[in-house]
file protein-v8.pdb (PDB, C-alpha atoms, pLDDT in the B column)
MODEL        1
ATOM      1  CA  ALA C 952     -71.144 -46.682  38.712  1.00 65.00           C
ATOM      2  CA  SER C 953     -74.201 -48.909  39.186  1.00 66.00           C
ATOM      3  CA  SER C 954     -71.955 -51.891  39.796  1.00 67.00           C
ATOM      4  CA  LEU C 955     -70.143 -50.072  42.594  1.00 70.00           C
ATOM      5  CA  LEU C 956     -73.384 -48.835  44.115  1.00 70.00           C
ATOM      6  CA  TYR C 957     -74.894 -52.330  44.108  1.00 70.00           C
ATOM      7  CA  SER C 958     -71.726 -53.641  45.769  1.00 70.00           C
ATOM      8  CA  CYS C 959     -71.804 -50.952  48.452  1.00 69.00           C
ATOM      9  CA  PHE C 960     -75.503 -51.483  49.006  1.00 69.00           C
ATOM     10  CA  SER C 961     -75.073 -55.244  49.392  1.00 68.00           C
ATOM     11  CA  ALA C 962     -72.179 -54.779  51.837  1.00 68.00           C
ATOM     12  CA  GLY C 963     -74.027 -52.216  53.939  1.00 68.00           C
ATOM     13  CA  THR C 964     -76.443 -53.050  56.677  1.00 66.00           C
ATOM     14  CA  GLY C 965     -79.416 -51.097  57.856  1.00 66.00           C
ATOM     15  CA  GLN C 966     -81.526 -48.434  56.308  1.00 72.00           C
ATOM     16  CA  TRP C 967     -78.651 -45.976  55.777  1.00 75.00           C
ATOM     17  CA  SER C 968     -77.180 -48.022  52.975  1.00 73.00           C
ATOM     18  CA  LEU C 969     -80.621 -48.043  51.367  1.00 73.00           C
ATOM     19  CA  LEU C 970     -81.046 -44.288  51.805  1.00 79.00           C
ATOM     20  CA  VAL C 971     -77.610 -43.567  50.349  1.00 77.00           C
ATOM     21  CA  ALA C 972     -77.619 -45.990  47.401  1.00 76.00           C
ATOM     22  CA  MET C 973     -81.179 -45.755  46.077  1.00 80.00           C
ATOM     23  CA  PRO C 974     -81.186 -42.086  44.950  1.00 84.00           C
ATOM     24  CA  PHE C 975     -77.982 -42.657  42.982  1.00 81.00           C
ATOM     25  CA  LEU C 976     -79.258 -45.893  41.437  1.00 79.00           C
ATOM     26  CA  GLY C 977     -82.564 -44.200  40.558  1.00 82.00           C
ATOM     27  CA  PHE C 978     -80.738 -41.284  38.965  1.00 85.00           C
ATOM     28  CA  GLY C 979     -78.539 -43.686  37.006  1.00 78.00           C
ATOM     29  CA  TYR C 980     -81.441 -45.712  35.650  1.00 79.00           C
ATOM     30  CA  GLY C 981     -83.457 -42.590  34.868  1.00 83.00           C
ATOM     31  CA  SER C 982     -80.505 -41.178  32.974  1.00 83.00           C
ATOM     32  CA  MET C 983     -80.013 -44.436  31.119  1.00 80.00           C
ATOM     33  CA  TRP C 984     -83.588 -44.579  29.841  1.00 84.00           C
ATOM     34  CA  SER C 985     -83.657 -40.915  28.847  1.00 86.00           C
ATOM     35  CA  LEU C 986     -80.257 -40.941  27.102  1.00 85.00           C
ATOM     36  CA  GLN C 987     -80.594 -44.333  25.424  1.00 85.00           C
ATOM     37  CA  PRO C 988     -82.394 -43.040  22.280  1.00 87.00           C
ATOM     38  CA  LEU C 989     -79.796 -40.311  21.816  1.00 86.00           C
ATOM     39  CA  LEU C 990     -76.883 -42.671  22.313  1.00 80.00           C
ATOM     40  CA  ALA C 991     -78.386 -45.253  19.960  1.00 81.00           C
ATOM     41  CA  SER C 992     -78.780 -42.696  17.187  1.00 83.00           C
ATOM     42  CA  GLN C 993     -75.289 -41.239  17.715  1.00 80.00           C
ATOM     43  CA  LEU C 994     -73.510 -44.602  17.877  1.00 74.00           C
ATOM     44  CA  PHE C 995     -75.379 -46.465  15.159  1.00 76.00           C
ATOM     45  CA  GLY C 996     -76.956 -43.779  12.996  1.00 77.00           C
ATOM     46  CA  LYS C 997     -80.598 -43.231  12.206  1.00 81.00           C
ATOM     47  CA  ARG C 998     -80.914 -45.996   9.641  1.00 81.00           C
ATOM     48  CA  SER C 999     -82.972 -48.814  11.229  1.00 81.00           C
ATOM     49  CA  PHE C1000     -83.127 -46.787  14.446  1.00 84.00           C
ATOM     50  CA  GLY C1001     -86.284 -48.530  15.659  1.00 85.00           C
ATOM     51  CA  LEU C1002     -84.697 -51.964  15.403  1.00 86.00           C
ATOM     52  CA  LYS C1003     -81.529 -50.864  17.164  1.00 82.00           C
ATOM     53  CA  TYR C1004     -83.367 -48.999  19.923  1.00 84.00           C
ATOM     54  CA  SER C1005     -85.718 -51.916  20.583  1.00 86.00           C
ATOM     55  CA  THR C1006     -82.741 -54.293  20.722  1.00 84.00           C
ATOM     56  CA  LEU C1007     -81.132 -52.090  23.364  1.00 82.00           C
ATOM     57  CA  SER C1008     -84.392 -51.972  25.297  1.00 83.00           C
ATOM     58  CA  MET C1009     -84.766 -55.745  25.155  1.00 86.00           C
ATOM     59  CA  ALA C1010     -81.229 -56.110  26.495  1.00 80.00           C
ATOM     60  CA  ALA C1011     -82.370 -54.545  29.772  1.00 79.00           C
ATOM     61  CA  VAL C1012     -85.252 -57.019  29.965  1.00 83.00           C
ATOM     62  CA  ALA C1013     -82.994 -59.944  29.097  1.00 84.00           C
ATOM     63  CA  GLY C1014     -80.602 -58.922  31.858  1.00 80.00           C
ATOM     64  CA  SER C1015     -83.175 -58.320  34.564  1.00 82.00           C
ATOM     65  CA  THR C1016     -85.317 -61.405  33.968  1.00 85.00           C
ATOM     66  CA  PRO C1017     -82.752 -63.979  35.168  1.00 85.00           C
ATOM     67  CA  LEU C1018     -81.999 -61.773  38.142  1.00 84.00           C
ATOM     68  CA  CYS C1019     -85.667 -61.514  39.131  1.00 84.00           C
ATOM     69  CA  GLN C1020     -86.622 -65.094  38.331  1.00 88.00           C
ATOM     70  CA  LEU C1021     -83.505 -66.931  39.537  1.00 88.00           C
ATOM     71  CA  ALA C1022     -81.170 -64.969  41.803  1.00 88.00           C
ATOM     72  CA  VAL C1023     -83.627 -63.110  44.036  1.00 86.00           C
ATOM     73  CA  PRO C1024     -85.848 -66.132  44.826  1.00 89.00           C
ATOM     74  CA  TYR C1025     -82.808 -68.354  45.397  1.00 90.00           C
ATOM     75  CA  TYR C1026     -81.171 -66.077  47.972  1.00 87.00           C
ATOM     76  CA  TYR C1027     -84.459 -65.106  49.619  1.00 87.00           C
ATOM     77  CA  GLU C1028     -85.651 -68.694  50.043  1.00 88.00           C
ATOM     78  CA  ALA C1029     -82.216 -69.833  51.241  1.00 89.00           C
ATOM     79  CA  HIS C1030     -82.420 -67.431  54.193  1.00 87.00           C
ATOM     80  CA  ALA C1031     -86.170 -67.410  54.874  1.00 87.00           C
ATOM     81  CA  ASN C1032     -87.550 -68.844  58.084  1.00 88.00           C
ATOM     82  CA  ALA C1033     -90.177 -71.597  58.289  1.00 87.00           C
ATOM     83  CA  ASP C1034     -92.968 -69.035  57.731  1.00 88.00           C
ATOM     84  CA  GLY C1035     -91.374 -67.808  54.506  1.00 85.00           C
ATOM     85  CA  TRP C1036     -90.228 -64.441  55.909  1.00 88.00           C
ATOM     86  CA  CYS C1037     -86.707 -63.168  55.611  1.00 83.00           C
ATOM     87  CA  ILE C1038     -85.462 -60.071  57.385  1.00 81.00           C
ATOM     88  CA  GLY C1039     -81.938 -58.742  57.107  1.00 77.00           C
ATOM     89  CA  PRO C1040     -79.210 -58.075  54.570  1.00 77.00           C
ATOM     90  CA  GLU C1041     -78.554 -61.769  53.911  1.00 81.00           C
ATOM     91  CA  CYS C1042     -81.951 -62.024  52.178  1.00 81.00           C
ATOM     92  CA  PHE C1043     -81.008 -59.746  49.284  1.00 79.00           C
ATOM     93  CA  GLY C1044     -77.232 -59.390  49.590  1.00 81.00           C
ATOM     94  CA  GLY C1045     -76.528 -62.237  47.184  1.00 84.00           C
ATOM     95  CA  SER C1046     -78.941 -60.932  44.574  1.00 83.00           C
ATOM     96  CA  LEU C1047     -77.436 -57.454  44.865  1.00 81.00           C
ATOM     97  CA  ARG C1048     -73.987 -58.941  44.312  1.00 84.00           C
ATOM     98  CA  CYS C1049     -75.368 -60.710  41.226  1.00 86.00           C
ATOM     99  CA  ALA C1050     -76.757 -57.363  40.016  1.00 83.00           C
ATOM    100  CA  SER C1051     -73.357 -55.797  40.670  1.00 82.00           C
ATOM    101  CA  LEU C1052     -71.639 -58.463  38.574  1.00 86.00           C
ATOM    102  CA  GLY C1053     -74.212 -57.999  35.810  1.00 83.00           C
ATOM    103  CA  CYS C1054     -73.668 -54.238  35.767  1.00 80.00           C
ATOM    104  CA  GLY C1055     -69.904 -54.744  35.709  1.00 84.00           C
ATOM    105  CA  LEU C1056     -70.220 -57.137  32.781  1.00 87.00           C
ATOM    106  CA  GLY C1057     -72.497 -54.646  31.016  1.00 82.00           C
ATOM    107  CA  ALA C1058     -69.941 -51.882  31.556  1.00 82.00           C
ATOM    108  CA  ILE C1059     -67.188 -54.047  30.073  1.00 89.00           C
ATOM    109  CA  LEU C1060     -69.358 -54.880  27.058  1.00 85.00           C
ATOM    110  CA  ALA C1061     -70.234 -51.179  26.650  1.00 79.00           C
ATOM    111  CA  LEU C1062     -66.534 -50.305  26.612  1.00 85.00           C
ATOM    112  CA  CYS C1063     -65.945 -52.986  23.963  1.00 86.00           C
ATOM    113  CA  LEU C1064     -68.826 -51.553  21.921  1.00 77.00           C
ATOM    114  CA  ASP C1065     -67.429 -48.047  22.252  1.00 77.00           C
ATOM    115  CA  HIS C1066     -64.002 -49.261  21.186  1.00 79.00           C
ATOM    116  CA  SER C1067     -65.381 -51.036  18.128  1.00 78.00           C
ATOM    117  CA  ALA C1068     -67.523 -48.014  17.220  1.00 70.00           C
ATOM    118  CA  ASN C1069     -64.438 -45.780  17.416  1.00 72.00           C
ATOM    119  CA  GLN C1070     -62.602 -48.199  15.110  1.00 72.00           C
ATOM    120  CA  GLY C1071     -65.095 -47.344  12.384  1.00 64.00           C
ATOM    121  CA  LEU C1072     -67.206 -50.493  12.161  1.00 60.00           C
ATOM    122  CA  TRP C1073     -70.410 -48.417  11.933  1.00 55.00           C
ATOM    123  CA  ARG C1074     -68.910 -45.240  10.511  1.00 52.00           C
ATOM    124  CA  GLN C1075     -70.277 -45.918   7.014  1.00 50.00           C
ATOM    125  CA  ASP C1076     -73.831 -46.253   8.332  1.00 49.00           C
ATOM    126  CA  ILE C1077     -73.528 -42.991  10.252  1.00 49.00           C
ATOM    127  CA  THR C1078     -72.038 -40.952   7.394  1.00 49.00           C
ATOM    128  CA  GLU C1079     -74.538 -42.318   4.876  1.00 50.00           C
ATOM    129  CA  THR C1080     -77.387 -41.496   7.220  1.00 48.00           C
ATOM    130  CA  TRP C1081     -76.285 -37.901   7.728  1.00 48.00           C
ATOM    131  CA  ASP C1082     -75.606 -37.384   4.003  1.00 48.00           C
ATOM    132  CA  ASP C1083     -79.009 -38.832   3.041  1.00 48.00           C
ATOM    133  CA  GLU C1084     -80.746 -36.744   5.682  1.00 49.00           C
ATOM    134  CA  ASP C1085     -79.561 -33.464   4.166  1.00 46.00           C
ATOM    135  CA  ASP C1086     -81.028 -34.383   0.783  1.00 45.00           C
ATOM    136  CA  GLU C1087     -84.411 -35.475   2.143  1.00 48.00           C
ATOM    137  CA  ASP C1088     -87.251 -32.986   2.301  1.00 45.00           C
ATOM    138  CA  SER C1089     -89.463 -35.457   4.167  1.00 44.00           C
ATOM    139  CA  SER C1090     -89.901 -34.982   7.915  1.00 48.00           C
ATOM    140  CA  PHE C1091     -89.541 -38.744   8.370  1.00 48.00           C
ATOM    141  CA  SER C1092     -86.047 -39.688   7.196  1.00 52.00           C
ATOM    142  CA  GLY C1093     -86.829 -43.410   7.260  1.00 52.00           C
ATOM    143  CA  ALA C1094     -89.655 -43.114   4.704  1.00 50.00           C
ATOM    144  CA  PRO C1095     -89.051 -45.242   1.611  1.00 51.00           C
ATOM    145  CA  LYS C1096     -88.705 -43.424  -1.669  1.00 52.00           C
ATOM    146  CA  LEU C1097     -91.551 -44.269  -3.975  1.00 51.00           C
ATOM    147  CA  GLY C1098     -90.697 -44.990  -7.590  1.00 52.00           C
ATOM    148  CA  ALA C1099     -86.972 -45.172  -6.932  1.00 49.00           C
TER     149      ALA C1099
ENDMDL
END
call {"tool": "encode", "arguments": {"input": "protein-v8.pdb", "output": "structure tokens"}}
result
Amino acid sequence: ASSLLYSCFSAGTGQWSLLVAMPFLGFGYGSMWSLQPLLASQLFGKRSFGLKYSTLSMAAVAGSTPLCQLAVPYYYEAHANADGWCIGPECFGGSLRCASLGCGLGAILALCLDHSANQGLWRQDITETWDDEDDEDSSFSGAPKLGA
């Protein structure tokens, strides 16, 4: 959905495209950050949850850094006037298309991940985690067992 919204936003001109696209993009990103811990634990289990959650969080940083450091300055400076100002959709349209392609690629990779998770590649980790959790009487399921 983010890929389509970025595409529509980059194709639109004027403030209406901004007013229409931004609430949906904000809702999407807010949902992503609030649901990411739940999805990480459901897909990969609770064993090594911190490592898996931080890897997912770093993926967002790794994806946005090239966009912010390479694509946005390139398109902005290509269309800026002699004073360094750029006004109009051509200033950010290219970077929004790059963001759209990145979101589309992320969606394809997420579908591949979902397919491989449904094939059972992580099923053992999930079932072991749930079985171990029932036997634990510690509130922190990741605590190492002393003397074992």
call {"tool": "closest_residue", "arguments": {"input": "protein-v8.pdb", "among": "C:Ala991, C:Gln1020, C:Gln966, C:Ser1067", "to": "Pro1040 in chain C", "atoms": "only C-alpha atoms"}}
result
C:Gln966
call {"tool": "residues_around", "arguments": {"input": "protein-v8.pdb", "residues": "Gly1014 in chain C", "least_positions_apart": "5", "cutoff": "10 Å", "atoms": "only C-alpha atoms", "output": "VMD selection string"}}
result
chain C and resid 1009 1019 1050 1053 to 1054 1057
call {"tool": "closest_residue", "arguments": {"input": "protein-v8.pdb", "among": "C:Gln987, C:Gly1055, C:Pro1017, C:Ala972", "to": "Ser1005 in chain C", "atoms": "all atoms listed in the file"}}
result
C:Gln987
call {"tool": "closest_residue", "arguments": {"input": "protein-v8.pdb", "among": "C:Ala1029, C:Leu955, C:Arg1048, C:Leu1062", "to": "Gly979 in chain C", "atoms": "only C-alpha atoms"}}
result
C:Leu955
call {"tool": "atom_distance", "arguments": {"input": "protein-v8.pdb", "atom1": "CA of Ser1046 in chain C", "atom2": "CA of Leu1018 in chain C"}}
result
7.2 Å
call {"tool": "atom_distance", "arguments": {"input": "protein-v8.pdb", "atom1": "CA of Pro974 in chain C", "atom2": "CA of Ala1022 in chain C"}}
result
23.1 Å
call {"tool": "atom_distance", "arguments": {"input": "protein-v8.pdb", "atom1": "CA of Pro988 in chain C", "atom2": "CA of Phe1000 in chain C"}}
result
8.7 Å
call {"tool": "closest_residue", "arguments": {"input": "protein-v8.pdb", "among": "C:Val971, C:Leu1021, C:Leu994, C:Leu1007", "to": "Gly1045 in chain C", "atoms": "only C-alpha atoms"}}
result
C:Leu1021
call {"tool": "residues_around", "arguments": {"input": "protein-v8.pdb", "residues": "Glu1028 in chain C", "least_positions_apart": "5", "cutoff": "12 Å", "atoms": "only C-alpha atoms", "output": "PyMOL selection string"}}
result
chain C and resi 1021-1023+1033-1038+1041-1043+1045-1046
call {"tool": "closest_residue", "arguments": {"input": "protein-v8.pdb", "among": "C:Ala1058, C:Leu969, C:Ala1068, C:Leu989", "to": "Leu956 in chain C", "atoms": "only C-alpha atoms"}}
result
C:Leu969
call {"tool": "closest_residue", "arguments": {"input": "protein-v8.pdb", "among": "C:Gln993, C:Asp1065, C:Gly1039, C:Cys1049", "to": "Ser1015 in chain C", "atoms": "only C-alpha atoms"}}
result
C:Cys1049
